Each structure stands twice: as C-alpha cells, then as structure tokens.
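input.cif, holding mmCIF, C-alpha atoms and all ligand atoms; chains and numbers go by the auth columns:
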data_structure
#
loop_
_atom_site.group_PDB
_atom_site.id
_atom_site.type_symbol
_atom_site.label_atom_id
_atom_site.label_comp_id
_atom_site.label_asym_id
_atom_site.label_seq_id
_atom_site.Cartn_x
_atom_site.Cartn_y
_atom_site.Cartn_z
_atom_site.B_iso_or_equiv
_atom_site.auth_seq_id
_atom_site.auth_asym_id
ATOM 1 C CA MET A 1 0.039 -27.164 23.225 0.00 1 A
ATOM 2 C CA ILE A 2 0.426 -23.396 23.164 0.00 2 A
ATOM 3 C CA ASP A 3 -2.130 -20.952 21.816 0.00 3 A
ATOM 4 C CA HIS A 4 -0.597 -17.764 20.454 0.00 4 A
ATOM 5 C CA GLU A 5 -2.400 -14.547 19.800 0.00 5 A
ATOM 6 C CA ILE A 6 -1.212 -11.716 17.577 0.00 6 A
ATOM 7 C CA LYS A 7 -2.735 -8.307 17.975 0.00 7 A
ATOM 8 C CA ILE A 8 -2.699 -5.853 15.110 0.00 8 A
ATOM 9 C CA SER A 9 -3.990 -2.321 15.241 0.00 9 A
ATOM 10 C CA PHE A 10 -4.752 0.537 12.906 0.00 10 A
ATOM 11 C CA ARG A 11 -6.330 3.943 13.296 0.00 11 A
ATOM 12 C CA GLU A 12 -9.541 4.953 11.594 0.00 12 A
ATOM 13 C CA TYR A 13 -10.361 8.538 10.667 0.00 13 A
ATOM 14 C CA THR A 14 -13.901 9.267 9.611 0.00 14 A
ATOM 15 C CA SER A 15 -12.769 11.755 7.029 0.00 15 A
ATOM 16 C CA ILE A 16 -9.638 12.933 5.269 0.00 16 A
ATOM 17 C CA GLU A 17 -9.921 16.368 6.947 0.00 17 A
ATOM 18 C CA GLU A 18 -8.769 14.767 10.203 0.00 18 A
ATOM 19 C CA LEU A 19 -5.349 14.018 8.685 0.00 19 A
ATOM 20 C CA ASP A 20 -2.509 16.539 8.694 0.00 20 A
ATOM 21 C CA GLN A 21 -1.986 18.657 5.563 0.00 21 A
ATOM 22 C CA ALA A 22 0.807 16.503 4.109 0.00 22 A
ATOM 23 C CA ASP A 23 -1.168 13.273 4.472 0.00 23 A
ATOM 24 C CA GLN A 24 -4.298 14.868 3.023 0.00 24 A
ATOM 25 C CA GLN A 25 -2.282 16.048 0.033 0.00 25 A
ATOM 26 C CA LEU A 26 -0.824 12.582 -0.473 0.00 26 A
ATOM 27 C CA CYS A 27 -4.333 11.088 -0.511 0.00 27 A
ATOM 28 C CA HIS A 28 -5.288 13.620 -3.205 0.00 28 A
ATOM 29 C CA GLU A 29 -2.191 12.579 -5.162 0.00 29 A
ATOM 30 C CA ALA A 30 -3.326 8.939 -4.965 0.00 30 A
ATOM 31 C CA VAL A 31 -6.661 10.010 -6.451 0.00 31 A
ATOM 32 C CA LYS A 32 -4.803 11.719 -9.330 0.00 32 A
ATOM 33 C CA ALA A 33 -2.924 8.454 -9.940 0.00 33 A
ATOM 34 C CA LEU A 34 -6.251 6.679 -10.612 0.00 34 A
ATOM 35 C CA GLU A 35 -6.266 8.413 -14.013 0.00 35 A
ATOM 36 C CA THR A 36 -3.360 6.282 -15.228 0.00 36 A
ATOM 37 C CA SER A 37 -4.942 2.976 -14.182 0.00 37 A
ATOM 38 C CA HIS A 38 -5.123 0.475 -17.034 0.00 38 A
ATOM 39 C CA SER A 39 -7.997 -1.714 -15.850 0.00 39 A
ATOM 40 C CA PRO A 40 -10.277 -2.570 -18.784 0.00 40 A
ATOM 41 C CA TYR A 41 -10.892 -6.090 -17.410 0.00 41 A
ATOM 42 C CA SER A 42 -11.804 -5.501 -13.755 0.00 42 A
ATOM 43 C CA LYS A 43 -12.878 -1.869 -14.233 0.00 43 A
ATOM 44 C CA PHE A 44 -11.411 -1.404 -10.756 0.00 44 A
ATOM 45 C CA LYS A 45 -8.904 1.424 -10.533 0.00 45 A
ATOM 46 C CA VAL A 46 -6.285 1.591 -7.801 0.00 46 A
ATOM 47 C CA GLY A 47 -4.082 4.653 -7.308 0.00 47 A
ATOM 48 C CA VAL A 48 -0.970 5.038 -5.165 0.00 48 A
ATOM 49 C CA ALA A 49 1.113 8.039 -4.166 0.00 49 A
ATOM 50 C CA MET A 50 4.350 7.577 -2.225 0.00 50 A
ATOM 51 C CA GLN A 51 6.018 10.371 -0.324 0.00 51 A
ATOM 52 C CA LEU A 52 9.801 9.969 -0.223 0.00 52 A
ATOM 53 C CA ARG A 53 12.094 11.460 2.415 0.00 53 A
ATOM 54 C CA SER A 54 13.384 14.066 -0.069 0.00 54 A
ATOM 55 C CA GLY A 55 9.821 15.336 -0.537 0.00 55 A
ATOM 56 C CA LYS A 56 9.465 13.746 -3.964 0.00 56 A
ATOM 57 C CA ILE A 57 6.106 12.088 -4.675 0.00 57 A
ATOM 58 C CA LEU A 58 5.871 8.991 -6.880 0.00 58 A
ATOM 59 C CA HIS A 59 2.570 7.973 -8.488 0.00 59 A
ATOM 60 C CA ALA A 60 1.440 4.547 -9.657 0.00 60 A
ATOM 61 C CA SER A 61 -1.681 2.631 -10.606 0.00 61 A
ATOM 62 C CA ASN A 62 -2.766 -0.912 -11.403 0.00 62 A
ATOM 63 C CA GLN A 63 -1.833 -2.170 -14.858 0.00 63 A
ATOM 64 C CA GLU A 64 -3.877 -5.040 -16.249 0.00 64 A
ATOM 65 C CA ASN A 65 -3.219 -7.274 -19.225 0.00 65 A
ATOM 66 C CA ALA A 66 -5.305 -9.412 -21.590 0.00 66 A
ATOM 67 C CA ALA A 67 -3.238 -12.300 -20.238 0.00 67 A
ATOM 68 C CA TYR A 68 -4.625 -11.642 -16.758 0.00 68 A
ATOM 69 C CA PRO A 69 -1.758 -12.853 -14.540 0.00 69 A
ATOM 70 C CA SER A 70 0.649 -10.571 -16.420 0.00 70 A
ATOM 71 C CA GLY A 71 -0.987 -7.500 -14.879 0.00 71 A
ATOM 72 C CA LEU A 72 0.203 -5.934 -11.656 0.00 72 A
ATOM 73 C CA CYS A 73 -1.348 -4.205 -8.636 0.00 73 A
ATOM 74 C CA ALA A 74 -0.771 -0.489 -8.158 0.00 74 A
ATOM 75 C CA GLU A 75 1.249 -1.041 -4.980 0.00 75 A
ATOM 76 C CA ARG A 76 3.802 -3.263 -6.708 0.00 76 A
ATOM 77 C CA VAL A 77 4.005 -0.931 -9.720 0.00 77 A
ATOM 78 C CA ALA A 78 4.851 1.826 -7.204 0.00 78 A
ATOM 79 C CA LEU A 79 7.270 -0.228 -5.149 0.00 79 A
ATOM 80 C CA PHE A 80 9.193 -1.738 -8.058 0.00 80 A
ATOM 81 C CA ASN A 81 9.552 1.702 -9.644 0.00 81 A
ATOM 82 C CA TRP A 82 10.957 2.917 -6.321 0.00 82 A
ATOM 83 C CA GLY A 83 13.307 -0.084 -6.095 0.00 83 A
ATOM 84 C CA ALA A 84 14.583 0.469 -9.625 0.00 84 A
ATOM 85 C CA ASN A 85 14.879 4.257 -9.612 0.00 85 A
ATOM 86 C CA HIS A 86 14.709 5.837 -6.142 0.00 86 A
ATOM 87 C CA ALA A 87 15.998 3.311 -3.627 0.00 87 A
ATOM 88 C CA ASP A 88 18.391 5.854 -2.092 0.00 88 A
ATOM 89 C CA ASP A 89 15.429 8.002 -1.028 0.00 89 A
ATOM 90 C CA PRO A 90 13.388 6.179 1.655 0.00 90 A
ATOM 91 C CA ILE A 91 9.615 5.866 1.384 0.00 91 A
ATOM 92 C CA GLU A 92 7.955 7.611 4.314 0.00 92 A
ATOM 93 C CA THR A 93 4.259 7.368 3.472 0.00 93 A
ATOM 94 C CA MET A 94 2.162 5.494 0.953 0.00 94 A
ATOM 95 C CA ALA A 95 -1.424 6.531 0.168 0.00 95 A
ATOM 96 C CA ILE A 96 -3.682 4.037 -1.597 0.00 96 A
ATOM 97 C CA THR A 97 -7.125 4.623 -2.985 0.00 97 A
ATOM 98 C CA ALA A 98 -9.511 2.899 -5.367 0.00 98 A
ATOM 99 C CA HIS A 99 -12.432 3.674 -7.610 0.00 99 A
ATOM 100 C CA THR A 100 -14.917 1.797 -9.739 0.00 100 A
ATOM 101 C CA ASP A 101 -17.880 3.115 -11.715 0.00 101 A
ATOM 102 C CA GLU A 102 -19.692 -0.171 -11.045 0.00 102 A
ATOM 103 C CA PHE A 103 -20.596 0.488 -7.379 0.00 103 A
ATOM 104 C CA GLN A 104 -19.707 2.727 -4.460 0.00 104 A
ATOM 105 C CA LEU A 105 -16.739 1.767 -2.311 0.00 105 A
ATOM 106 C CA THR A 106 -17.475 2.391 1.353 0.00 106 A
ATOM 107 C CA LYS A 107 -14.333 0.872 2.881 0.00 107 A
ATOM 108 C CA PRO A 108 -10.648 1.362 2.032 0.00 108 A
ATOM 109 C CA VAL A 109 -8.905 -1.149 -0.190 0.00 109 A
ATOM 110 C CA THR A 110 -6.395 -3.244 1.735 0.00 110 A
ATOM 111 C CA SER A 111 -3.392 -4.460 -0.237 0.00 111 A
ATOM 112 C CA CYS A 112 -3.087 -8.078 -1.322 0.00 112 A
ATOM 113 C CA GLY A 113 -0.607 -10.390 0.347 0.00 113 A
ATOM 114 C CA ALA A 114 1.843 -10.288 -2.557 0.00 114 A
ATOM 115 C CA CYS A 115 2.032 -6.493 -2.390 0.00 115 A
ATOM 116 C CA LEU A 116 2.495 -6.587 1.380 0.00 116 A
ATOM 117 C CA GLN A 117 5.326 -9.083 0.971 0.00 117 A
ATOM 118 C CA VAL A 118 7.057 -6.708 -1.474 0.00 118 A
ATOM 119 C CA LEU A 119 6.448 -3.838 0.920 0.00 119 A
ATOM 120 C CA ALA A 120 8.103 -5.867 3.688 0.00 120 A
ATOM 121 C CA GLU A 121 11.182 -6.389 1.517 0.00 121 A
ATOM 122 C CA TYR A 122 11.645 -2.666 0.953 0.00 122 A
ATOM 123 C CA GLU A 123 10.945 -1.679 4.553 0.00 123 A
ATOM 124 C CA LYS A 124 13.787 -3.999 5.419 0.00 124 A
ATOM 125 C CA LYS A 125 16.001 -2.628 2.639 0.00 125 A
ATOM 126 C CA GLN A 126 15.502 1.001 3.637 0.00 126 A
ATOM 127 C CA GLY A 127 15.601 0.250 7.372 0.00 127 A
ATOM 128 C CA SER A 128 12.370 2.016 8.286 0.00 128 A
ATOM 129 C CA ALA A 129 8.658 1.353 8.429 0.00 129 A
ATOM 130 C CA ILE A 130 6.249 2.939 5.954 0.00 130 A
ATOM 131 C CA LYS A 131 3.123 4.779 7.032 0.00 131 A
ATOM 132 C CA MET A 132 0.137 3.483 5.079 0.00 132 A
ATOM 133 C CA LEU A 133 -2.880 5.678 4.370 0.00 133 A
ATOM 134 C CA LEU A 134 -5.760 3.608 3.035 0.00 134 A
ATOM 135 C CA TYR A 135 -8.069 6.237 1.697 0.00 135 A
ATOM 136 C CA CYS A 136 -11.684 5.638 0.783 0.00 136 A
ATOM 137 C CA ARG A 137 -13.327 8.738 -0.668 0.00 137 A
ATOM 138 C CA GLN A 138 -16.846 7.789 0.439 0.00 138 A
ATOM 139 C CA GLY A 139 -15.724 6.226 3.715 0.00 139 A
ATOM 140 C CA PRO A 140 -13.045 6.232 6.365 0.00 140 A
ATOM 141 C CA VAL A 141 -9.263 6.491 6.133 0.00 141 A
ATOM 142 C CA TRP A 142 -7.305 3.690 7.815 0.00 142 A
ATOM 143 C CA VAL A 143 -3.776 4.424 8.960 0.00 143 A
ATOM 144 C CA ALA A 144 -1.070 2.087 10.223 0.00 144 A
ATOM 145 C CA THR A 145 2.707 2.129 10.168 0.00 145 A
ATOM 146 C CA GLY A 146 4.751 -0.898 9.190 0.00 146 A
ATOM 147 C CA VAL A 147 3.742 -3.823 7.040 0.00 147 A
ATOM 148 C CA GLU A 148 3.427 -6.142 10.015 0.00 148 A
ATOM 149 C CA SER A 149 0.293 -4.237 10.988 0.00 149 A
ATOM 150 C CA PHE A 150 -1.293 -5.795 7.909 0.00 150 A
ATOM 151 C CA LEU A 151 0.676 -9.011 7.409 0.00 151 A
ATOM 152 C CA PRO A 152 1.959 -10.328 10.733 0.00 152 A
ATOM 153 C CA PHE A 153 2.900 -13.656 9.146 0.00 153 A
ATOM 154 C CA LEU A 154 4.913 -12.283 6.261 0.00 154 A
ATOM 155 C CA PHE A 155 7.817 -14.363 4.999 0.00 155 A
ATOM 156 C CA PHE A 156 10.941 -13.183 6.800 0.00 156 A
ATOM 157 C CA GLU A 157 14.250 -13.341 5.004 0.00 157 A
ATOM 158 C CA ASP A 158 15.941 -14.847 8.083 0.00 158 A
ATOM 159 C CA ARG A 159 14.031 -18.076 7.373 0.00 159 A
ATOM 160 C CA LEU A 160 16.313 -18.509 4.366 0.00 160 A
ATOM 161 C CA THR A 161 19.281 -19.038 6.643 0.00 161 A
ATOM 162 C CA ASN A 162 19.836 -21.459 9.494 0.00 162 A
ATOM 163 C CA LYS A 163 20.153 -18.595 12.042 0.00 163 A
ATOM 164 C CA ASN A 164 16.659 -19.351 13.193 0.00 164 A
ATOM 165 C CA ARG A 165 17.007 -23.033 13.951 0.00 165 A
HETATM 166 N N1 LIG B . -5.504 -4.290 -7.194 0.00 1 B
HETATM 167 C C1 LIG B . -4.532 -3.391 -6.824 0.00 1 B
HETATM 168 O O1 LIG B . -3.974 -2.690 -7.668 0.00 1 B
HETATM 169 N N2 LIG B . -4.233 -3.288 -5.529 0.00 1 B
HETATM 170 C C2 LIG B . -4.862 -3.946 -4.511 0.00 1 B
HETATM 171 O O2 LIG B . -4.546 -3.708 -3.363 0.00 1 B
HETATM 172 C C3 LIG B . -5.908 -4.929 -4.834 0.00 1 B
HETATM 173 C C4 LIG B . -6.197 -5.149 -6.260 0.00 1 B
HETATM 174 C C5 LIG B . -5.873 -4.359 -8.600 0.00 1 B
HETATM 175 C C6 LIG B . -5.506 -5.608 -9.322 0.00 1 B
HETATM 176 C C7 LIG B . -6.517 -5.601 -10.443 0.00 1 B
HETATM 177 O O3 LIG B . -6.034 -4.763 -11.489 0.00 1 B
HETATM 178 C C8 LIG B . -7.730 -4.960 -9.829 0.00 1 B
HETATM 179 O O4 LIG B . -7.277 -4.239 -8.696 0.00 1 B
HETATM 180 C C9 LIG B . -8.814 -5.941 -9.417 0.00 1 B
HETATM 181 O O5 LIG B . -8.293 -6.932 -8.610 0.00 1 B
#
Show me, as structure tokens, the structure contained in the file I just sent.
Ligand code: THU
Amino acid sequence: MIDHEIKISFREYTSIEELDQADQQLCHEAVKALETSHSPYSKFKVGVAMQLRSGKILHASNQENAAYPSGLCAERVALFNWGANHADDPIETMAITAHTDEFQLTKPVTSCGACLQVLAEYEKKQGSAIKMLLYCRQGPVWVATGVESFLPFLFFEDRLTNKNR
C-alpha cells in the first residue's frame, strides 16, 4: 500500500492594488464582461477577460438557457472562442470574477471541473501554462499558474494511448 500526497499552492492578495498594473486592468476587464452575462435562471454572473500574447483582450461571460444543461460557463465561452478564432495567439492570463445581487461574494469563484479540463486542453495545445487571476471584488484575489494548480487529477490525453502502460 502506498499513500500519495499532492500539494497544490496558490497566492492570495488581500486586494487588487497589490497586483501589477496589467493584472489589475485585466481584473477590471473581467468586471466589464459581467455586463454581457445571460443568467436569468441562477442570477449569478461570471465574467472573464483573457490577455493574449499579442496584447489583445478577449471578454466572455456565462450564457444560460431555459433548457438548463444547454447553457455554458463563462470560462468555456472564453476558451472555445479562443480555440475557434485566436488559437495562434497564446493565452497568457485569464481573470475571472463573479457577481450576484442576491448576496455578497466574499471569496473568489473557482472554475468548475469541466472548465478546468478545457483549460488543460488548451494549455497543452499552446504549449504554455495560463496565469489565473480569481478576482473577488469584496474579498481577496487568488493567483496560480497552470491548470494543475486547480485540477491535479485532470484527464491527461496520454491516457488515450498505450504509452502509459
Ligand atoms: N458558472 C460559471 O460561469 N463559471 C464558474 O466557474 C462556475 C459557474 C456559471 C454557470 C451558471 O450560469 C452560473 O454560474 C451558476 O452556476
């Protein structure tokens, strides 16, 4: 019997002012993206801004649907747009924020497993890790680079081959 332990780490900033200018700006861009959220069912808005290597910023937000499972999280809206339209321009940083009028959020939103799995795919495709800024306006900012900081047991593509046996 072997017990394994996996350590993950992230950095917490008590406020956005502790980030460098570019990261602060990207967090503000994620807040702007909240305006396009289509979330009449959950009333929970999620906004994403992605900084690409060229300097271009892509915005996205969660898009819900009356047939609930047809909706999509903001992160995957952002990532699939990148995959379809900007895949030659690597993603350097992704800022994510959330807002609801129902209560006050005091901790950053962490992405769901499905979004992290998609993120893993594109980190692999572009050959570099993405810096994640999880920005809570009434709380801390959490920062980590690389999807494995959030999803150490993601599904690796090498499991689809027999290389690993
Ligand atoms: N949502 C996101 O967009 N990203 C996350 O990281 C978590 C959840 C959305 C999905 C749904 O529209 C709403 O938030 C409530 O789950």
At a cut-off of 12 Å around ligand LIG 1 (chain B), and using only C-alpha atoms and all ligand atoms, what residues come up? Please write them as a VMD selection string.
chain A and resid 30 33 to 34 36 to 48 60 to 79 95 to 100 108 to 116 119 134 to 135 150
For the structure shown, which residues end up in the PyMOL selection byres (((chain A and resi 14-21) around 10) and not hetatm)? Put them as a PDB file with C-alpha atoms, in the coordinates of the input, please?
ATOM      1  CA  ARG A  11      -6.330   3.943  13.296  1.00  0.00           C
ATOM      2  CA  GLU A  12      -9.541   4.953  11.594  1.00  0.00           C
ATOM      3  CA  TYR A  13     -10.361   8.538  10.667  1.00  0.00           C
ATOM      4  CA  ALA A  22       0.807  16.503   4.109  1.00  0.00           C
ATOM      5  CA  ASP A  23      -1.168  13.273   4.472  1.00  0.00           C
ATOM      6  CA  GLN A  24      -4.298  14.868   3.023  1.00  0.00           C
ATOM      7  CA  GLN A  25      -2.282  16.048   0.033  1.00  0.00           C
ATOM      8  CA  LEU A  26      -0.824  12.582  -0.473  1.00  0.00           C
ATOM      9  CA  CYS A  27      -4.333  11.088  -0.511  1.00  0.00           C
ATOM     10  CA  HIS A  28      -5.288  13.620  -3.205  1.00  0.00           C
ATOM     11  CA  LEU A 133      -2.880   5.678   4.370  1.00  0.00           C
ATOM     12  CA  TYR A 135      -8.069   6.237   1.697  1.00  0.00           C
ATOM     13  CA  CYS A 136     -11.684   5.638   0.783  1.00  0.00           C
ATOM     14  CA  ARG A 137     -13.327   8.738  -0.668  1.00  0.00           C
ATOM     15  CA  GLN A 138     -16.846   7.789   0.439  1.00  0.00           C
ATOM     16  CA  GLY A 139     -15.724   6.226   3.715  1.00  0.00           C
ATOM     17  CA  PRO A 140     -13.045   6.232   6.365  1.00  0.00           C
ATOM     18  CA  VAL A 141      -9.263   6.491   6.133  1.00  0.00           C
ATOM     19  CA  TRP A 142      -7.305   3.690   7.815  1.00  0.00           C
ATOM     20  CA  VAL A 143      -3.776   4.424   8.960  1.00  0.00           C
TER      21      VAL A 143
END
Work out how far CA of Lys32 (chain A) is from CA of Lys125 (chain A), in Å to one decimal.
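Value for the CA of Lys125 (chain A)-CA of Lys32 (chain A) distance: 28.0 Å.
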Pick out the closest residue to Gly55 (chain A) from this set: A:Thr93, A:Asn81, A:Gln117, A:Thr161. Count only C-alpha atoms.
A:Thr93
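Closest approach to Ala87 (chain A) among A:Ile2, A:Leu52, A:Ala129, A:Leu154 is made by A:Leu52 (distances from all atoms listed in the file).
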At a cut-off of 10 Å, using all atoms listed in the file, what residues contact Pro152 (chain A)? Leave out same-chain residues fewer than 5 positions from it and give the result as a list in words.
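Close residues of Pro152 (chain A): Ile6, Lys7, Ile8, Gly146 and Val147 of chain A.
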Determine, counting only C-alpha atoms, which protein, DNA and RNA residues have an atom within 9 Å of an atom of Glu121 (chain A); residues of the same chain fewer than 5 positions away are not included. Present the result as a PyMOL selection string.
chain A and resi 116+126+156-157
Give me a file of those residues, with C-alpha atoms, as a PDB file, in the frame of the given file.
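Generated file (out26.pdb):
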ATOM      1  CA  LEU A 116       2.495  -6.587   1.380  1.00  0.00           C
ATOM      2  CA  GLN A 126      15.502   1.001   3.637  1.00  0.00           C
ATOM      3  CA  PHE A 156      10.941 -13.183   6.800  1.00  0.00           C
ATOM      4  CA  GLU A 157      14.250 -13.341   5.004  1.00  0.00           C
TER       5      GLU A 157
END
Name the residues in contact with Met94 (chain A) at a cut-off of 7 Å, using only C-alpha atoms, excluding same-chain residues fewer than 6 positions from it; report them as an MDAnalysis selection string.
chainID A and resid 48:51 130:133
Write to file, as a PDB file, in the coordinates of the input, the residues of the selection just made, with C-alpha atoms.
ATOM      1  CA  VAL A  48      -0.970   5.038  -5.165  1.00  0.00           C
ATOM      2  CA  ALA A  49       1.113   8.039  -4.166  1.00  0.00           C
ATOM      3  CA  MET A  50       4.350   7.577  -2.225  1.00  0.00           C
ATOM      4  CA  GLN A  51       6.018  10.371  -0.324  1.00  0.00           C
ATOM      5  CA  ILE A 130       6.249   2.939   5.954  1.00  0.00           C
ATOM      6  CA  LYS A 131       3.123   4.779   7.032  1.00  0.00           C
ATOM      7  CA  MET A 132       0.137   3.483   5.079  1.00  0.00           C
ATOM      8  CA  LEU A 133      -2.880   5.678   4.370  1.00  0.00           C
TER       9      LEU A 133
END
Computed interatomic separation between CA of Glu35 (chain A) and CA of Gln104 (chain A) (Å)
17.4 Å
Considering only C-alpha atoms, state which residue in the set A:Glu29, A:Asp88, A:Glu148, A:Glu102 is at the smallest distance from Arg53 (chain A).
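Among the listed residues, A:Asp88 lies closest to Arg53 (chain A).
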